Amino acid sequence: MSESLEAERPPSGPPWIDSEIQQKIEWRDGDVVISVPLKSGTTWTMNIVHQLLNGGTAEFSDIYQEVPWIEFLAFPGQTHEDVLDRVNAMPTGTRRAFKTHSPPPALPYMAPDSGRNVKYVVVLRNPEEAFVSFWPFIAKHSDSWFDLWGVPREALCRQDFPSFYSEVIDAHGMQGAVFGFLAAWWPLRNAANVLFIHYSDMKKDHEASIRKIGEFLGTRATDAQWEDILNYTSFPWMKKNESRFEAGSAGKVPVLTSGAMIRQGAVGKAKDDGMTDEISRHLREVGSRIFPDPVAIDWLYQGGRLP
């Protein structure tokens, strides 16, 4: 397949996701977009970018107030204007950062020669690990959130991962949320304003990865600030301050129950969380049909040096 943005796109997602909002954002020079597929280090990356842009800070109560999710609806019927008003009201004297699970073209990509200096941090993860992490995450959504949106819990939750994979992921073609995401971003992986980074590499070397992201963003920090940045982006600190990362202010009612966001995120442990050999084979087969580029697929599974 040629490297084209016309590759298969990820599914639209649940009713509280409306990717069209992103098309209406008035981008500013210095904006940072964190574009990550499901359960691939999104919250961690949101915090990393926030800490880098602010020189290391513990002065926040909810990362979603600092790094808005630009395709998320807080309640049924919320208008695009409600979301855009909040985005437009963000201070002009500091750089903004945003979260999205969308790749281009659902997410507008501003090329370096577009007249806007927007940067994109793109993180991907082994899809087996992402999907086994997605299973307990969906179950951690609150009853009040399902009720608000009129979605029966049994439509998305299952008691075991094989059932979740066959009856939720495969039945709804959700493999595209990872492989279609990869296909959309892959042609832009070496663009000057795009940083492609693999979750496994972030886990292997926390400090080196954060310094790499900081260099890409053009941030500067003193030695004392770097100490804070590394501390506030560590798993122990984020786990201890878990309530700051659970989207407590994002919805009209609580989106999640406690413990949904900050998990260990282990690398190479998918089988321990329910992945089977049969599902593993099926997932890769489907993914390779979505984006038949063996080099890209190998990188998605393994990380390492970007081709």
# chains A, B, ... in the order shown; residues from 1 in each chain; ligands from 1
>>> closest_atom_pairs(of="segment 126-214 of chain A", to="segment 73-91 of chain A", cutoff="12 Å", atoms="only C-alpha atoms", output="JSON lines")
{"residue": "A:Ser144", "atom": "CA", "partner": "A:Phe75", "partner_atom": "CA", "distance": 11.4}
{"residue": "A:Trp145", "atom": "CA", "partner": "A:Phe75", "partner_atom": "CA", "distance": 9.0}
{"residue": "A:Phe146", "atom": "CA", "partner": "A:Phe75", "partner_atom": "CA", "distance": 10.9}
{"residue": "A:Asp147", "atom": "CA", "partner": "A:Phe75", "partner_atom": "CA", "distance": 10.8}
{"residue": "A:Leu148", "atom": "CA", "partner": "A:Phe75", "partner_atom": "CA", "distance": 7.2}
{"residue": "A:Trp149", "atom": "CA", "partner": "A:Pro76", "partner_atom": "CA", "distance": 6.4}
{"residue": "A:Gly150", "atom": "CA", "partner": "A:Pro76", "partner_atom": "CA", "distance": 9.4}
{"residue": "A:Val151", "atom": "CA", "partner": "A:Pro76", "partner_atom": "CA", "distance": 11.5}
>>> residues_around(residues="segment 293-301 of chain A", least_positions_apart="6", cutoff="10 Å", atoms="only C-alpha atoms", output="list in words")
Met1, Ser2, Glu3, Leu124, Arg125, Asn126, Pro127, Glu128, Glu129, Val178, Phe179, Leu182, Ala183, Trp186, His198, Tyr199, Ser200, Arg284, Gly287 and Pro307 of chain A
>>> write_last_selection(atoms="C-alpha atoms", output="CSV table (one decimal), in the first residue's frame")
chain,number,residue,atom,x,y,z
A,1,MET,CA,0.0,0.0,0.0
A,2,SER,CA,1.2,3.5,-0.8
A,3,GLU,CA,1.7,5.8,2.1
A,124,LEU,CA,1.6,4.1,19.9
A,125,ARG,CA,1.7,0.8,21.8
A,126,ASN,CA,1.7,-2.9,21.0
A,127,PRO,CA,-1.9,-3.5,20.1
A,128,GLU,CA,-2.2,-6.6,22.2
A,129,GLU,CA,-1.2,-4.6,25.3
A,178,VAL,CA,-5.1,1.2,16.6
A,179,PHE,CA,-4.2,-0.1,13.1
A,182,LEU,CA,-1.1,3.9,12.6
A,183,ALA,CA,-2.0,4.0,8.9
A,186,TRP,CA,2.6,6.7,9.3
A,198,HIS,CA,6.6,4.1,21.1
A,199,TYR,CA,5.1,3.4,24.5
A,200,SER,CA,7.6,0.5,25.2
A,284,ARG,CA,-2.5,-9.2,13.7
A,287,GLY,CA,-4.5,-5.3,11.5
A,307,PRO,CA,11.9,3.4,10.0
>>> residues_around(residues="segment 18-22 of chain A", least_positions_apart="4", cutoff="9 Å", atoms="only C-alpha atoms", output="list in words")
Ser12, Gly13, Pro14, Ile70, Glu71, Phe72, Leu73, His80, Glu81, Val83, Leu84, Thr100, His101, Ser102, Ala106, Leu107 and Pro108 of chain A
>>> residues_around(residues="Tyr120 of chain A", least_positions_apart="2", cutoff="8 Å", atoms="only C-alpha atoms", output="ChimeraX atom specification")
/A:32-35,118,122,193-195
>>> write_last_selection(atoms="N, CA and C atoms", output="PDB file, in the first residue's frame")
ATOM      1  N   VAL A  32       0.171  22.252  21.153  1.00  0.00           N
ATOM      2  CA  VAL A  32       0.675  20.882  21.144  1.00  0.00           C
ATOM      3  C   VAL A  32      -0.517  19.937  21.152  1.00  0.00           C
ATOM      4  N   VAL A  33      -0.556  19.017  20.215  1.00  0.00           N
ATOM      5  CA  VAL A  33      -1.630  18.032  20.150  1.00  0.00           C
ATOM      6  C   VAL A  33      -1.057  16.669  20.503  1.00  0.00           C
ATOM      7  N   ILE A  34      -1.645  16.034  21.504  1.00  0.00           N
ATOM      8  CA  ILE A  34      -1.245  14.699  21.932  1.00  0.00           C
ATOM      9  C   ILE A  34      -2.225  13.723  21.297  1.00  0.00           C
ATOM     10  N   SER A  35      -1.777  13.039  20.265  1.00  0.00           N
ATOM     11  CA  SER A  35      -2.632  12.152  19.485  1.00  0.00           C
ATOM     12  C   SER A  35      -2.203  10.713  19.742  1.00  0.00           C
ATOM     13  N   VAL A 118       2.140  24.310  14.925  1.00  0.00           N
ATOM     14  CA  VAL A 118       1.478  23.330  15.795  1.00  0.00           C
ATOM     15  C   VAL A 118       2.311  22.055  15.781  1.00  0.00           C
ATOM     16  N   VAL A 122       2.817  11.879  18.992  1.00  0.00           N
ATOM     17  CA  VAL A 122       2.066  10.685  18.620  1.00  0.00           C
ATOM     18  C   VAL A 122       2.703   9.478  19.297  1.00  0.00           C
ATOM     19  N   ASN A 193       7.214  18.552  12.427  1.00  0.00           N
ATOM     20  CA  ASN A 193       6.387  18.904  13.577  1.00  0.00           C
ATOM     21  C   ASN A 193       5.636  17.718  14.162  1.00  0.00           C
ATOM     22  N   VAL A 194       6.102  16.512  13.843  1.00  0.00           N
ATOM     23  CA  VAL A 194       5.501  15.289  14.385  1.00  0.00           C
ATOM     24  C   VAL A 194       6.575  14.484  15.108  1.00  0.00           C
ATOM     25  N   LEU A 195       6.277  14.093  16.344  1.00  0.00           N
ATOM     26  CA  LEU A 195       7.159  13.195  17.088  1.00  0.00           C
ATOM     27  C   LEU A 195       6.461  11.862  17.251  1.00  0.00           C
TER      28      LEU A 195
END
>>> atom_distance(atom1="atom CA of Val253 of chain A", atom2="atom CA of Cys157 of chain A")
19.4 Å
>>> closest_residue(among="A:Leu256, A:Arg96, A:Leu52, A:Ala58", to="Glu26 of chain A", atoms="only C-alpha atoms")
A:Arg96
>>> residues_around(residues="segment 233-243 of chain A", least_positions_apart="6", cutoff="12 Å", atoms="only C-alpha atoms", output="PDB file with C-alpha atoms, in the first residue's frame")
ATOM      1  CA  GLY A  41      -0.158   6.002  27.294  1.00  0.00           C
ATOM      2  CA  THR A  43      -2.811  10.186  30.260  1.00  0.00           C
ATOM      3  CA  TRP A  44       0.893   9.750  30.947  1.00  0.00           C
ATOM      4  CA  THR A  45       1.759  11.723  27.815  1.00  0.00           C
ATOM      5  CA  MET A  46      -0.736  14.456  28.732  1.00  0.00           C
ATOM      6  CA  ASN A  47       1.021  14.866  32.056  1.00  0.00           C
ATOM      7  CA  ILE A  48       4.489  14.749  30.483  1.00  0.00           C
ATOM      8  CA  VAL A  49       3.620  17.550  28.057  1.00  0.00           C
ATOM      9  CA  HIS A  50       1.957  19.583  30.801  1.00  0.00           C
ATOM     10  CA  GLN A  51       4.989  19.242  33.050  1.00  0.00           C
ATOM     11  CA  LEU A  52       7.408  20.161  30.250  1.00  0.00           C
ATOM     12  CA  GLY A  55       8.680  23.534  34.177  1.00  0.00           C
ATOM     13  CA  GLY A  56       7.416  20.867  36.589  1.00  0.00           C
ATOM     14  CA  THR A  57       4.376  21.622  38.704  1.00  0.00           C
ATOM     15  CA  ALA A  58       2.085  19.898  41.177  1.00  0.00           C
ATOM     16  CA  GLU A  59      -0.317  22.854  41.145  1.00  0.00           C
ATOM     17  CA  PHE A  60      -3.214  21.277  39.294  1.00  0.00           C
ATOM     18  CA  SER A  61      -6.240  19.301  40.385  1.00  0.00           C
ATOM     19  CA  ASP A  62      -7.278  17.606  37.136  1.00  0.00           C
ATOM     20  CA  ILE A  63      -5.083  17.060  34.086  1.00  0.00           C
ATOM     21  CA  TYR A  64      -8.202  17.350  31.919  1.00  0.00           C
ATOM     22  CA  MET A 202       9.038   5.347  27.017  1.00  0.00           C
ATOM     23  CA  LYS A 203       8.766   2.605  29.621  1.00  0.00           C
ATOM     24  CA  ASP A 205      13.901   4.805  29.567  1.00  0.00           C
ATOM     25  CA  HIS A 206      11.663   7.286  31.332  1.00  0.00           C
ATOM     26  CA  GLU A 207      14.144  10.157  31.504  1.00  0.00           C
ATOM     27  CA  SER A 209      11.977   9.755  26.531  1.00  0.00           C
ATOM     28  CA  ILE A 210      10.863  12.824  28.434  1.00  0.00           C
ATOM     29  CA  ARG A 211      13.984  14.725  27.425  1.00  0.00           C
ATOM     30  CA  TRP A 226      14.059  18.689  35.545  1.00  0.00           C
ATOM     31  CA  GLU A 227      14.063  16.981  38.911  1.00  0.00           C
ATOM     32  CA  SER A 249     -14.123  17.428  35.908  1.00  0.00           C
ATOM     33  CA  PRO A 254     -18.231  11.044  37.051  1.00  0.00           C
ATOM     34  CA  LEU A 256     -14.791   6.698  35.822  1.00  0.00           C
ATOM     35  CA  THR A 257     -14.587   4.881  39.104  1.00  0.00           C
ATOM     36  CA  SER A 258     -11.365   5.076  41.094  1.00  0.00           C
ATOM     37  CA  GLY A 259      -8.351   3.230  39.754  1.00  0.00           C
ATOM     38  CA  ALA A 260      -9.310   3.316  36.076  1.00  0.00           C
ATOM     39  CA  MET A 261      -6.549   5.506  34.678  1.00  0.00           C
ATOM     40  CA  ILE A 262      -3.249   4.847  36.417  1.00  0.00           C
ATOM     41  CA  ARG A 263      -2.344   1.191  35.961  1.00  0.00           C
ATOM     42  CA  GLN A 264       1.167  -0.212  35.862  1.00  0.00           C
ATOM     43  CA  GLY A 265       1.112  -0.367  32.062  1.00  0.00           C
ATOM     44  CA  ALA A 266       3.553  -3.266  31.915  1.00  0.00           C
TER      45      ALA A 266
END
>>> closest_residue(among="A:Val121, A:Leu283, A:Asp228, A:Ile17", to="Ser166 of chain A", atoms="only C-alpha atoms")
A:Leu283
>>> closest_residue(among="A:His172, A:Lys204, A:Arg244, A:Lys24", to="Val67 of chain A", atoms="only C-alpha atoms")
A:Arg244
>>> select_by_dssp(residues="segment 148-307 of chain A", states="helix (DSSP H, G or I)", output="VMD selection string")
chain A and resid 148 to 149 153 to 156 161 to 170 176 to 188 199 to 204 206 to 217 223 to 232 235 to 240 242 to 245 270 to 273 277 to 290 294 to 302
>>> atom_distance(atom1="atom CA of Ile25 of chain A", atom2="atom CA of Gly93 of chain A")
17.8 Å
>>> atom_distance(atom1="atom CA of Val123 of chain A", atom2="atom CA of Gln302 of chain A")
13.0 Å
>>> closest_residue(among="A:Asp29, A:Leu53, A:Arg158, A:Leu38", to="Phe216 of chain A", atoms="only C-alpha atoms")
A:Leu53
>>> closest_residue(among="A:Ala247, A:Ile197, A:Val286, A:Met174", to="Ser40 of chain A", atoms="only C-alpha atoms")
A:Ile197
>>> closest_residue(among="A:Ala270, A:Ala97, A:Ala192, A:Phe161", to="Pro68 of chain A", atoms="only C-alpha atoms")
A:Ala97
